[in-house]
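In what follows, a single structure is set out as structure tokens and then discussed.
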Amino acid sequence: MSLIVQKFGGSSVANAERVMNVARIVTDTYKEGNDVVVVVSAQGDTTDDLIEKAKEINPKASKREMDMLLTAGEQISISLLAMAIEKLGCPVVSLLGWQAGFHTNRAYGSARIESIKTERLQSELDKKKIVVVAGFQGINKSDDLTTLGRGGSDTSAVAIAAVLHADRCQIFTDVTGVFTADPRKIPNAKKLKDITYDEMLELATLGAQVLNNRSVEMAKKYNVELEVLSSLEREPGTIVKEAAKMEKMLIRGVTKDTDVARISVVGMKDIPGNAFRMFSKLASKGINIDVILQSVGRDGTKDISFTCAKDYADTAVEVLEDIFSPEGAKVSCDTTIAKVSIVGAGMQSHSGTASKMFGALYEAGINISMISTSEITVSVLIDKELADKAVEAVHKAFFG
Ligand code: ADP
Ligand code: ASP
Ligand code: MG
């Protein structure tokens with residue numbers, strides 16, 4: 001007998017028929033003699049729809065009230081799924097995040113899990129019940145509901161698998177695994193048999209939304225092997241695990257991220273300390289910085305540009321104008337860009353990977369405005385309008 005955690009995303013529970021389909025997968029697993037904990041997301045576009053509803057009333061609603069609203073989405077899907085499982089004749093109980101013991105910090109909208117008190121989960125499993133848990137949510141020290149950030153149900157599932165030492169953690173979604181590019185955009189993208197945590201973490205961070213990046217970080221930390229697979233087509237998915245005997249590939253995938261803003265400070269004094277002033281202030285506001293470019297100084301001035309998530313752009317501009325406008329520098333923000341990246345541990349032992357990517361972009365007539373690299377990634381910033389064309393060209397260069 002094994003303990004299996006199964007997570008189903010929004011599209012997998014989008015309507016009554018899909019909920020019944022999920023109930024069958026879960027009860028089949030249970031009838032094979034396993035303990036099963038199921039984590040579900042809100043149905044279909046429910047979370048987006050709730051955000052829209054909030055915006056109609058107050059676009060500047062507090063994060064606390066937003067979390068109170070958004071947690072409702074998952075409450076609907078756990079109860080519906082539990083009803084479907086009841087209908088199939090298996091014992092089941094649905095639990096909200098707090099009932100399942102998810103304690104988080106106070107960061108509404110992007111809370112971090114601090115602990116999971118497993119007593120309730122364990123006692124329901126001991127009663128031989130299938131336990132259906134609301135993903136994406138927890139409770140903080142003030143007994144207020146919190147959410148873990150978009151796509152956070154993946155993290156809920158991995159966290160449960162980690163604390164309960166589950167034998168398997170399956171992430172069911174609407175594609176059959178992790179592909180070399182988004183299979184909805186690149187029809188000949190290839191499904192990966194397996195991928196390392198580090199590569200998956202980069203893919204997820206750089207735009208492959210199939211897994212939430214925090215969930216991969218947590219899976220690596222607690223050594224939870226993940227399987228990404230389809231809830232609609234029963235075929236083997238992709239295994240995410242520690243590096244060991246893997247398919248040999250130069251790169252694993254191509255991603256795009258259009259949720260990027262480039263902020264530039266032009267004409268700042270070319271003196272020591274400006275980069276420090278700039279980035280320490282941004283860090284104090286919790287703004288994560290990505291690609292950084294500093295120009296060669298001229299006439300005693302220099303320019304620094306960097307990228308961050310679009311959501312942070314307004315705050316970043318405000319903060320930087322406060323510091324640098326009085327000193328005569330100009331702060332600007334550009335949201336017409338996208339980041340296209342390649343990811344793969346294979347590039348560490350192969351020279352020429354970056355130039356192959358740049359060559360593909362050149363042949364497609366796409367101009368690169370910034371470049372950044374790490375051991376296993378190369379990213380370029382390009383015109384957002386050309387992002388899909390760029391992914392296609394780069395994917396073709398590496399995968400034919
Ligand atoms: P869920 O609702 O199940 O959490 P998501 O929409 O968050 O599903 O993630 C699945 C989607 O991720 C797929 O429908 C696919 O379009 C997209 N995706 C982007 N990049 C990739 C990739 N490299 N491999 C697989 N899917 C990808
Ligand atoms: N429902 C949440 C979202 O749409 C959480 C999730 O899907 O994982 O972001
Ligand atoms: Mg998701």
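Chain lettering (A, B, ...) mirrors the order of the structure tokens, residue numbering begins at 1 for each chain separately, and ligand numbering begins at 1 in order of display.
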Running DSSP on the backbone, which parts of range 76-307 of chain A land in helix (DSSP H, G or I), as a PDB file with N, CA, C and O atoms, in the first residue's frame?
```
ATOM      1  N   ILE A  76     -15.105  25.701  -3.854  1.00  0.00           N
ATOM      2  CA  ILE A  76     -16.113  25.126  -4.767  1.00  0.00           C
ATOM      3  C   ILE A  76     -15.609  23.796  -5.331  1.00  0.00           C
ATOM      4  O   ILE A  76     -16.313  22.784  -5.298  1.00  0.00           O
ATOM      5  N   SER A  77     -14.365  23.780  -5.806  1.00  0.00           N
ATOM      6  CA  SER A  77     -13.939  22.532  -6.466  1.00  0.00           C
ATOM      7  C   SER A  77     -13.744  21.367  -5.496  1.00  0.00           C
ATOM      8  O   SER A  77     -14.027  20.234  -5.859  1.00  0.00           O
ATOM      9  N   ILE A  78     -13.277  21.630  -4.261  1.00  0.00           N
ATOM     10  CA  ILE A  78     -13.109  20.470  -3.355  1.00  0.00           C
ATOM     11  C   ILE A  78     -14.461  19.842  -3.011  1.00  0.00           C
ATOM     12  O   ILE A  78     -14.595  18.625  -2.958  1.00  0.00           O
ATOM     13  N   SER A  79     -15.476  20.686  -2.794  1.00  0.00           N
ATOM     14  CA  SER A  79     -16.770  20.112  -2.411  1.00  0.00           C
ATOM     15  C   SER A  79     -17.370  19.350  -3.591  1.00  0.00           C
ATOM     16  O   SER A  79     -17.885  18.241  -3.420  1.00  0.00           O
ATOM     17  N   LEU A  80     -17.280  19.928  -4.799  1.00  0.00           N
ATOM     18  CA  LEU A  80     -17.842  19.233  -5.969  1.00  0.00           C
ATOM     19  C   LEU A  80     -17.124  17.903  -6.210  1.00  0.00           C
ATOM     20  O   LEU A  80     -17.754  16.883  -6.488  1.00  0.00           O
ATOM     21  N   LEU A  81     -15.799  17.929  -6.082  1.00  0.00           N
ATOM     22  CA  LEU A  81     -15.063  16.674  -6.317  1.00  0.00           C
ATOM     23  C   LEU A  81     -15.422  15.633  -5.249  1.00  0.00           C
ATOM     24  O   LEU A  81     -15.601  14.450  -5.555  1.00  0.00           O
ATOM     25  N   ALA A  82     -15.564  16.098  -4.004  1.00  0.00           N
ATOM     26  CA  ALA A  82     -15.927  15.149  -2.942  1.00  0.00           C
ATOM     27  C   ALA A  82     -17.307  14.536  -3.234  1.00  0.00           C
ATOM     28  O   ALA A  82     -17.514  13.336  -3.052  1.00  0.00           O
ATOM     29  N   MET A  83     -18.234  15.365  -3.725  1.00  0.00           N
ATOM     30  CA  MET A  83     -19.572  14.838  -4.072  1.00  0.00           C
ATOM     31  C   MET A  83     -19.472  13.801  -5.187  1.00  0.00           C
ATOM     32  O   MET A  83     -20.169  12.777  -5.173  1.00  0.00           O
ATOM     33  N   ALA A  84     -18.591  14.047  -6.148  1.00  0.00           N
ATOM     34  CA  ALA A  84     -18.415  13.106  -7.267  1.00  0.00           C
ATOM     35  C   ALA A  84     -17.837  11.787  -6.757  1.00  0.00           C
ATOM     36  O   ALA A  84     -18.241  10.701  -7.181  1.00  0.00           O
ATOM     37  N   ILE A  85     -16.907  11.886  -5.813  1.00  0.00           N
ATOM     38  CA  ILE A  85     -16.286  10.670  -5.257  1.00  0.00           C
ATOM     39  C   ILE A  85     -17.315   9.891  -4.431  1.00  0.00           C
ATOM     40  O   ILE A  85     -17.397   8.669  -4.505  1.00  0.00           O
ATOM     41  N   GLU A  86     -18.140  10.644  -3.667  1.00  0.00           N
ATOM     42  CA  GLU A  86     -19.240   9.992  -2.911  1.00  0.00           C
ATOM     43  C   GLU A  86     -20.119   9.200  -3.877  1.00  0.00           C
ATOM     44  O   GLU A  86     -20.506   8.059  -3.616  1.00  0.00           O
ATOM     45  N   LYS A  87     -20.434   9.838  -5.004  1.00  0.00           N
ATOM     46  CA  LYS A  87     -21.312   9.200  -5.986  1.00  0.00           C
ATOM     47  C   LYS A  87     -20.722   7.885  -6.504  1.00  0.00           C
ATOM     48  O   LYS A  87     -21.450   6.943  -6.804  1.00  0.00           O
ATOM     49  N   GLU A 119      -2.181  16.449  11.713  1.00  0.00           N
ATOM     50  CA  GLU A 119      -3.076  15.597  12.517  1.00  0.00           C
ATOM     51  C   GLU A 119      -4.386  15.282  11.802  1.00  0.00           C
ATOM     52  O   GLU A 119      -4.797  14.130  11.709  1.00  0.00           O
ATOM     53  N   ARG A 120      -5.057  16.345  11.312  1.00  0.00           N
ATOM     54  CA  ARG A 120      -6.367  16.121  10.689  1.00  0.00           C
ATOM     55  C   ARG A 120      -6.224  15.249   9.429  1.00  0.00           C
ATOM     56  O   ARG A 120      -6.981  14.282   9.250  1.00  0.00           O
ATOM     57  N   LEU A 121      -5.256  15.614   8.589  1.00  0.00           N
ATOM     58  CA  LEU A 121      -5.021  14.828   7.362  1.00  0.00           C
ATOM     59  C   LEU A 121      -4.815  13.362   7.713  1.00  0.00           C
ATOM     60  O   LEU A 121      -5.443  12.471   7.152  1.00  0.00           O
ATOM     61  N   GLN A 122      -3.924  13.160   8.708  1.00  0.00           N
ATOM     62  CA  GLN A 122      -3.569  11.799   9.082  1.00  0.00           C
ATOM     63  C   GLN A 122      -4.769  11.049   9.648  1.00  0.00           C
ATOM     64  O   GLN A 122      -5.006   9.888   9.316  1.00  0.00           O
ATOM     65  N   SER A 123      -5.584  11.753  10.473  1.00  0.00           N
ATOM     66  CA  SER A 123      -6.710  11.030  11.086  1.00  0.00           C
ATOM     67  C   SER A 123      -7.749  10.657  10.023  1.00  0.00           C
ATOM     68  O   SER A 123      -8.375   9.603  10.098  1.00  0.00           O
ATOM     69  N   GLU A 124      -7.928  11.501   9.021  1.00  0.00           N
ATOM     70  CA  GLU A 124      -8.879  11.156   7.942  1.00  0.00           C
ATOM     71  C   GLU A 124      -8.337   9.982   7.117  1.00  0.00           C
ATOM     72  O   GLU A 124      -9.088   9.097   6.723  1.00  0.00           O
ATOM     73  N   LEU A 125      -7.021   9.988   6.882  1.00  0.00           N
ATOM     74  CA  LEU A 125      -6.426   8.865   6.135  1.00  0.00           C
ATOM     75  C   LEU A 125      -6.557   7.574   6.943  1.00  0.00           C
ATOM     76  O   LEU A 125      -6.840   6.512   6.393  1.00  0.00           O
ATOM     77  N   ASP A 126      -6.377   7.703   8.274  1.00  0.00           N
ATOM     78  CA  ASP A 126      -6.505   6.517   9.135  1.00  0.00           C
ATOM     79  C   ASP A 126      -7.922   5.942   9.070  1.00  0.00           C
ATOM     80  O   ASP A 126      -8.125   4.748   9.238  1.00  0.00           O
ATOM     81  N   SER A 153      -1.373  25.912  -6.297  1.00  0.00           N
ATOM     82  CA  SER A 153      -1.847  24.566  -5.922  1.00  0.00           C
ATOM     83  C   SER A 153      -0.774  23.510  -6.123  1.00  0.00           C
ATOM     84  O   SER A 153      -0.748  22.507  -5.417  1.00  0.00           O
ATOM     85  N   ASP A 154       0.091  23.726  -7.118  1.00  0.00           N
ATOM     86  CA  ASP A 154       1.194  22.780  -7.318  1.00  0.00           C
ATOM     87  C   ASP A 154       2.023  22.702  -6.035  1.00  0.00           C
ATOM     88  O   ASP A 154       2.422  21.622  -5.584  1.00  0.00           O
ATOM     89  N   THR A 155       2.270  23.876  -5.440  1.00  0.00           N
ATOM     90  CA  THR A 155       3.079  23.930  -4.219  1.00  0.00           C
ATOM     91  C   THR A 155       2.349  23.245  -3.060  1.00  0.00           C
ATOM     92  O   THR A 155       2.967  22.538  -2.262  1.00  0.00           O
ATOM     93  N   SER A 156       1.026  23.438  -2.977  1.00  0.00           N
ATOM     94  CA  SER A 156       0.258  22.762  -1.925  1.00  0.00           C
ATOM     95  C   SER A 156       0.449  21.255  -2.031  1.00  0.00           C
ATOM     96  O   SER A 156       0.644  20.563  -1.021  1.00  0.00           O
ATOM     97  N   ALA A 157       0.378  20.750  -3.263  1.00  0.00           N
ATOM     98  CA  ALA A 157       0.483  19.297  -3.463  1.00  0.00           C
ATOM     99  C   ALA A 157       1.867  18.788  -3.061  1.00  0.00           C
ATOM    100  O   ALA A 157       1.995  17.788  -2.340  1.00  0.00           O
ATOM    101  N   VAL A 158       2.899  19.496  -3.493  1.00  0.00           N
ATOM    102  CA  VAL A 158       4.261  19.055  -3.179  1.00  0.00           C
ATOM    103  C   VAL A 158       4.489  19.122  -1.665  1.00  0.00           C
ATOM    104  O   VAL A 158       5.111  18.231  -1.073  1.00  0.00           O
ATOM    105  N   ALA A 159       3.947  20.161  -1.025  1.00  0.00           N
ATOM    106  CA  ALA A 159       4.142  20.320   0.423  1.00  0.00           C
ATOM    107  C   ALA A 159       3.498  19.151   1.171  1.00  0.00           C
ATOM    108  O   ALA A 159       4.084  18.600   2.110  1.00  0.00           O
ATOM    109  N   ILE A 160       2.307  18.748   0.752  1.00  0.00           N
ATOM    110  CA  ILE A 160       1.646  17.612   1.412  1.00  0.00           C
ATOM    111  C   ILE A 160       2.462  16.338   1.178  1.00  0.00           C
ATOM    112  O   ILE A 160       2.684  15.548   2.104  1.00  0.00           O
ATOM    113  N   ALA A 161       2.915  16.164  -0.064  1.00  0.00           N
ATOM    114  CA  ALA A 161       3.718  14.970  -0.374  1.00  0.00           C
ATOM    115  C   ALA A 161       4.967  14.938   0.503  1.00  0.00           C
ATOM    116  O   ALA A 161       5.366  13.886   1.013  1.00  0.00           O
ATOM    117  N   ALA A 162       5.563  16.122   0.720  1.00  0.00           N
ATOM    118  CA  ALA A 162       6.783  16.186   1.530  1.00  0.00           C
ATOM    119  C   ALA A 162       6.488  15.850   2.993  1.00  0.00           C
ATOM    120  O   ALA A 162       7.156  14.997   3.580  1.00  0.00           O
ATOM    121  N   VAL A 163       5.474  16.486   3.600  1.00  0.00           N
ATOM    122  CA  VAL A 163       5.252  16.238   5.043  1.00  0.00           C
ATOM    123  C   VAL A 163       4.731  14.832   5.325  1.00  0.00           C
ATOM    124  O   VAL A 163       4.998  14.282   6.393  1.00  0.00           O
ATOM    125  N   TYR A 197      15.399  18.595 -11.379  1.00  0.00           N
ATOM    126  CA  TYR A 197      14.777  19.693 -10.640  1.00  0.00           C
ATOM    127  C   TYR A 197      15.321  21.043 -11.118  1.00  0.00           C
ATOM    128  O   TYR A 197      14.565  21.988 -11.307  1.00  0.00           O
ATOM    129  N   ASP A 198      16.653  21.121 -11.277  1.00  0.00           N
ATOM    130  CA  ASP A 198      17.251  22.415 -11.630  1.00  0.00           C
ATOM    131  C   ASP A 198      16.764  22.908 -12.985  1.00  0.00           C
ATOM    132  O   ASP A 198      16.455  24.086 -13.157  1.00  0.00           O
ATOM    133  N   GLU A 199      16.715  21.984 -13.943  1.00  0.00           N
ATOM    134  CA  GLU A 199      16.239  22.398 -15.265  1.00  0.00           C
ATOM    135  C   GLU A 199      14.765  22.796 -15.206  1.00  0.00           C
ATOM    136  O   GLU A 199      14.349  23.800 -15.793  1.00  0.00           O
ATOM    137  N   MET A 200      13.970  22.007 -14.485  1.00  0.00           N
ATOM    138  CA  MET A 200      12.530  22.312 -14.394  1.00  0.00           C
ATOM    139  C   MET A 200      12.308  23.633 -13.687  1.00  0.00           C
ATOM    140  O   MET A 200      11.431  24.419 -14.062  1.00  0.00           O
ATOM    141  N   LEU A 201      13.132  23.896 -12.665  1.00  0.00           N
ATOM    142  CA  LEU A 201      13.007  25.153 -11.939  1.00  0.00           C
ATOM    143  C   LEU A 201      13.242  26.330 -12.873  1.00  0.00           C
ATOM    144  O   LEU A 201      12.503  27.318 -12.870  1.00  0.00           O
ATOM    145  N   GLU A 202      14.275  26.217 -13.717  1.00  0.00           N
ATOM    146  CA  GLU A 202      14.555  27.292 -14.666  1.00  0.00           C
ATOM    147  C   GLU A 202      13.424  27.429 -15.678  1.00  0.00           C
ATOM    148  O   GLU A 202      12.960  28.529 -15.958  1.00  0.00           O
ATOM    149  N   LEU A 203      12.977  26.298 -16.230  1.00  0.00           N
ATOM    150  CA  LEU A 203      11.883  26.363 -17.214  1.00  0.00           C
ATOM    151  C   LEU A 203      10.668  27.059 -16.603  1.00  0.00           C
ATOM    152  O   LEU A 203      10.058  27.933 -17.211  1.00  0.00           O
ATOM    153  N   ALA A 204      10.331  26.658 -15.367  1.00  0.00           N
ATOM    154  CA  ALA A 204       9.142  27.216 -14.717  1.00  0.00           C
ATOM    155  C   ALA A 204       9.329  28.709 -14.441  1.00  0.00           C
ATOM    156  O   ALA A 204       8.429  29.517 -14.659  1.00  0.00           O
ATOM    157  N   THR A 205      10.524  29.076 -13.987  1.00  0.00           N
ATOM    158  CA  THR A 205      10.781  30.478 -13.668  1.00  0.00           C
ATOM    159  C   THR A 205      10.797  31.330 -14.933  1.00  0.00           C
ATOM    160  O   THR A 205      10.401  32.489 -14.926  1.00  0.00           O
ATOM    161  N   ASN A 213       7.003  27.536 -10.141  1.00  0.00           N
ATOM    162  CA  ASN A 213       8.428  27.372  -9.801  1.00  0.00           C
ATOM    163  C   ASN A 213       8.673  27.080  -8.317  1.00  0.00           C
ATOM    164  O   ASN A 213       9.554  26.320  -7.958  1.00  0.00           O
ATOM    165  N   ARG A 214       7.814  27.642  -7.445  1.00  0.00           N
ATOM    166  CA  ARG A 214       8.016  27.357  -6.013  1.00  0.00           C
ATOM    167  C   ARG A 214       7.801  25.879  -5.710  1.00  0.00           C
ATOM    168  O   ARG A 214       8.408  25.324  -4.805  1.00  0.00           O
ATOM    169  N   SER A 215       6.895  25.256  -6.458  1.00  0.00           N
ATOM    170  CA  SER A 215       6.624  23.835  -6.201  1.00  0.00           C
ATOM    171  C   SER A 215       7.848  23.002  -6.559  1.00  0.00           C
ATOM    172  O   SER A 215       8.159  22.014  -5.900  1.00  0.00           O
ATOM    173  N   VAL A 216       8.559  23.420  -7.599  1.00  0.00           N
ATOM    174  CA  VAL A 216       9.737  22.671  -8.026  1.00  0.00           C
ATOM    175  C   VAL A 216      10.868  22.863  -7.012  1.00  0.00           C
ATOM    176  O   VAL A 216      11.580  21.912  -6.645  1.00  0.00           O
ATOM    177  N   GLU A 217      10.976  24.113  -6.529  1.00  0.00           N
ATOM    178  CA  GLU A 217      11.977  24.426  -5.505  1.00  0.00           C
ATOM    179  C   GLU A 217      11.755  23.533  -4.274  1.00  0.00           C
ATOM    180  O   GLU A 217      12.677  22.944  -3.720  1.00  0.00           O
ATOM    181  N   MET A 218      10.478  23.413  -3.886  1.00  0.00           N
ATOM    182  CA  MET A 218      10.155  22.616  -2.714  1.00  0.00           C
ATOM    183  C   MET A 218      10.373  21.117  -2.974  1.00  0.00           C
ATOM    184  O   MET A 218      10.869  20.389  -2.113  1.00  0.00           O
ATOM    185  N   ALA A 219      10.038  20.681  -4.180  1.00  0.00           N
ATOM    186  CA  ALA A 219      10.224  19.266  -4.522  1.00  0.00           C
ATOM    187  C   ALA A 219      11.706  18.909  -4.441  1.00  0.00           C
ATOM    188  O   ALA A 219      12.089  17.856  -3.922  1.00  0.00           O
ATOM    189  N   LYS A 220      12.549  19.832  -4.912  1.00  0.00           N
ATOM    190  CA  LYS A 220      14.001  19.589  -4.862  1.00  0.00           C
ATOM    191  C   LYS A 220      14.465  19.542  -3.405  1.00  0.00           C
ATOM    192  O   LYS A 220      15.188  18.629  -3.002  1.00  0.00           O
ATOM    193  N   LYS A 221      13.997  20.504  -2.620  1.00  0.00           N
ATOM    194  CA  LYS A 221      14.440  20.598  -1.227  1.00  0.00           C
ATOM    195  C   LYS A 221      14.090  19.330  -0.444  1.00  0.00           C
ATOM    196  O   LYS A 221      14.884  18.834   0.340  1.00  0.00           O
ATOM    197  N   ASN A 274      26.105  54.030  -7.039  1.00  0.00           N
ATOM    198  CA  ASN A 274      24.768  54.216  -7.609  1.00  0.00           C
ATOM    199  C   ASN A 274      24.030  52.891  -7.810  1.00  0.00           C
ATOM    200  O   ASN A 274      22.832  52.791  -7.544  1.00  0.00           O
ATOM    201  N   ALA A 275      24.749  51.874  -8.273  1.00  0.00           N
ATOM    202  CA  ALA A 275      24.098  50.568  -8.462  1.00  0.00           C
ATOM    203  C   ALA A 275      23.619  50.053  -7.105  1.00  0.00           C
ATOM    204  O   ALA A 275      22.508  49.535  -6.976  1.00  0.00           O
ATOM    205  N   PHE A 276      24.443  50.245  -6.090  1.00  0.00           N
ATOM    206  CA  PHE A 276      24.068  49.796  -4.748  1.00  0.00           C
ATOM    207  C   PHE A 276      22.815  50.521  -4.263  1.00  0.00           C
ATOM    208  O   PHE A 276      21.860  49.913  -3.776  1.00  0.00           O
ATOM    209  N   ARG A 277      22.791  51.853  -4.421  1.00  0.00           N
ATOM    210  CA  ARG A 277      21.625  52.636  -3.966  1.00  0.00           C
ATOM    211  C   ARG A 277      20.360  52.146  -4.672  1.00  0.00           C
ATOM    212  O   ARG A 277      19.301  51.985  -4.081  1.00  0.00           O
ATOM    213  N   MET A 278      20.536  51.909  -5.964  1.00  0.00           N
ATOM    214  CA  MET A 278      19.395  51.521  -6.777  1.00  0.00           C
ATOM    215  C   MET A 278      18.839  50.158  -6.349  1.00  0.00           C
ATOM    216  O   MET A 278      17.659  50.017  -6.018  1.00  0.00           O
ATOM    217  N   PHE A 279      19.731  49.160  -6.317  1.00  0.00           N
ATOM    218  CA  PHE A 279      19.225  47.794  -6.114  1.00  0.00           C
ATOM    219  C   PHE A 279      18.906  47.501  -4.643  1.00  0.00           C
ATOM    220  O   PHE A 279      18.045  46.676  -4.357  1.00  0.00           O
ATOM    221  N   SER A 280      19.553  48.201  -3.715  1.00  0.00           N
ATOM    222  CA  SER A 280      19.199  47.956  -2.320  1.00  0.00           C
ATOM    223  C   SER A 280      17.809  48.531  -2.037  1.00  0.00           C
ATOM    224  O   SER A 280      17.005  47.940  -1.322  1.00  0.00           O
ATOM    225  N   LYS A 281      17.502  49.684  -2.647  1.00  0.00           N
ATOM    226  CA  LYS A 281      16.178  50.280  -2.453  1.00  0.00           C
ATOM    227  C   LYS A 281      15.097  49.363  -3.057  1.00  0.00           C
ATOM    228  O   LYS A 281      14.040  49.129  -2.458  1.00  0.00           O
ATOM    229  N   LEU A 282      15.392  48.825  -4.255  1.00  0.00           N
ATOM    230  CA  LEU A 282      14.417  47.936  -4.901  1.00  0.00           C
ATOM    231  C   LEU A 282      14.224  46.664  -4.055  1.00  0.00           C
ATOM    232  O   LEU A 282      13.104  46.189  -3.875  1.00  0.00           O
ATOM    233  N   ALA A 283      15.336  46.154  -3.514  1.00  0.00           N
ATOM    234  CA  ALA A 283      15.245  44.934  -2.695  1.00  0.00           C
ATOM    235  C   ALA A 283      14.398  45.205  -1.454  1.00  0.00           C
ATOM    236  O   ALA A 283      13.591  44.373  -1.044  1.00  0.00           O
ATOM    237  N   SER A 284      14.560  46.399  -0.872  1.00  0.00           N
ATOM    238  CA  SER A 284      13.802  46.699   0.352  1.00  0.00           C
ATOM    239  C   SER A 284      12.303  46.742   0.070  1.00  0.00           C
ATOM    240  O   SER A 284      11.485  46.586   0.965  1.00  0.00           O
TER     241      SER A 284
END
```
What residues of the protein or nucleic acid chains come within 9 Å of ligand 2 when you use only C-alpha atoms and all ligand atoms? Reply as a ChimeraX atom specification. /A:8-11,40-48,70-71,73-74,135-137,147-156,211-212
Filtered DSSP result for range 33-151 of chain A, state strand (DSSP E or B), as a ChimeraX atom specification: /A:35-40,92-95,102-104,113-116,130-134,137-139,145-147
Pull C-alpha atoms from the residues just selected and write them as a compact mmCIF listing (two decimals), in the first residue's frame.
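Result went into again-v8.txt, see below:
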```txt
# COMPACT_ATOMS: atom_id res chain seq x y z
CA ASP A 35 -4.13 6.06 0.52
CA VAL A 36 -4.94 9.10 -1.59
CA VAL A 37 -4.71 12.81 -0.88
CA VAL A 38 -6.06 14.97 -3.70
CA VAL A 39 -5.25 18.65 -4.15
CA VAL A 40 -7.42 20.70 -6.49
CA VAL A 92 -14.18 10.99 1.15
CA VAL A 93 -13.80 14.27 3.01
CA SER A 94 -12.98 17.71 1.63
CA LEU A 95 -10.78 20.09 3.61
CA PHE A 102 -1.54 24.82 6.10
CA HIS A 103 0.03 27.59 8.16
CA THR A 104 1.64 30.42 6.19
CA ILE A 113 4.00 27.85 3.82
CA GLU A 114 5.59 27.84 7.29
CA SER A 115 4.29 24.51 8.54
CA ILE A 116 1.67 21.88 7.89
CA ILE A 130 -9.87 9.93 0.37
CA VAL A 131 -8.90 13.44 1.46
CA VAL A 132 -9.58 16.30 -0.97
CA VAL A 133 -7.64 19.43 -0.07
CA ALA A 134 -8.10 22.97 -1.39
CA GLN A 137 -4.43 28.49 0.38
CA GLY A 138 -3.56 28.52 4.05
CA ILE A 139 -4.07 30.52 7.21
CA LEU A 145 -6.91 33.22 4.97
CA THR A 146 -3.93 33.58 2.66
CA THR A 147 -3.10 32.46 -0.88
```
Against ligand 1, which residues of chain A fall within 6 Å? For each one I want the closest pair of atoms and the distance in Å (one decimal), counting only C-alpha atoms and all ligand atoms, rows by chain and increasing residue number, as CSV.
```
residue,atom,partner,partner_atom_place_in_ligand_line,distance
A:Phe8,CA,ligand 1,3 (O),6.0
A:Gly9,CA,ligand 1,3 (O),3.3
A:Gly10,CA,ligand 1,2 (O),4.1
A:Ser11,CA,ligand 1,2 (O),5.0
A:Gly151,CA,ligand 1,7 (O),5.9
A:Thr173,CA,ligand 1,3 (O),3.6
A:Asp174,CA,ligand 1,14 (O),5.3
A:Val175,CA,ligand 1,13 (C),5.5
A:Gly177,CA,ligand 1,25 (C),5.7
A:Val178,CA,ligand 1,24 (N),3.8
A:Phe179,CA,ligand 1,24 (N),3.8
A:Thr180,CA,ligand 1,23 (N),5.3
A:Ala181,CA,ligand 1,23 (N),4.1
A:Asp182,CA,ligand 1,20 (N),3.6
A:Arg184,CA,ligand 1,16 (O),5.1
A:Ala208,CA,ligand 1,20 (N),3.6
A:Gln209,CA,ligand 1,12 (O),4.5
A:Val210,CA,ligand 1,9 (O),3.5
```
Prev. selection, C-alpha atoms, output as a CSV table (one decimal), in the first residue's frame:
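What ended up in out_29.csv:
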```csv
chain,number,residue,atom,x,y,z
A,8,PHE,CA,-5.6,18.5,-10.5
A,9,GLY,CA,-5.4,21.9,-12.1
A,10,GLY,CA,-8.3,24.2,-13.1
A,11,SER,CA,-8.8,22.8,-16.5
A,151,GLY,CA,-0.4,28.5,-9.7
A,173,THR,CA,-2.9,18.9,-16.1
A,174,ASP,CA,-4.3,19.4,-19.6
A,175,VAL,CA,-1.1,18.4,-21.4
A,177,GLY,CA,3.8,16.2,-19.6
A,178,VAL,CA,6.6,18.7,-19.8
A,179,PHE,CA,7.5,19.5,-23.4
A,180,THR,CA,10.5,21.1,-25.1
A,181,ALA,CA,8.2,24.2,-25.6
A,182,ASP,CA,4.5,25.0,-24.9
A,184,ARG,CA,-0.1,24.6,-27.6
A,208,ALA,CA,6.8,27.4,-18.8
A,209,GLN,CA,3.6,27.6,-16.7
A,210,VAL,CA,3.1,23.8,-16.5
```
Shell around range 369-373 of chain A at 12 Å using only C-alpha atoms, local window under 3 positions removed, as a PyMOL selection string: chain A and resi 202+262+290-295+304-307+334+336-344+347-348+353-355+357-358+361+366+376-384
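Closest approach to ligand 3 among A:Ile171, A:Val13, A:Lys63, A:Arg252: A:Ile171, based on only C-alpha atoms and all ligand atoms.
Residue nearest ligand 3, chosen from A:Ala360, A:Val228, A:Ile57, A:Ala397 and counting only C-alpha atoms and all ligand atoms: A:Val228.
The two atoms in question, CA of Thr27 in chain A and CA of Leu164 in chain A, are spaced 19.8 Å apart.
Residues within 9 Å of Glu321 in chain A, counting only C-alpha atoms and excluding same-chain residues fewer than 6 positions away, are Val265, Ala329, Lys330 and Val331 of chain A.
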For Ser231 in chain A, list every protein, DNA or RNA residue within 8 Å, evaluated using only C-alpha atoms, and leave out those in the same chain fewer than 2 positions away; present the list as a list in words. Phe8, Ser12, Asn21, Val22, Ile25, Phe172, Thr173, Asp174, Leu229, Glu233 and Arg234 of chain A
Closest to Thr196 in chain A among A:Ile239, A:Cys308, A:Ala393, A:Leu50, using only C-alpha atoms? A:Ile239
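If you look at CA of Thr255 in chain A and CA of Asp311 in chain A, they are 19.8 Å away from each other.
CA of Gly297 in chain A is found 6.4 Å from CA of Asp270 in chain A.
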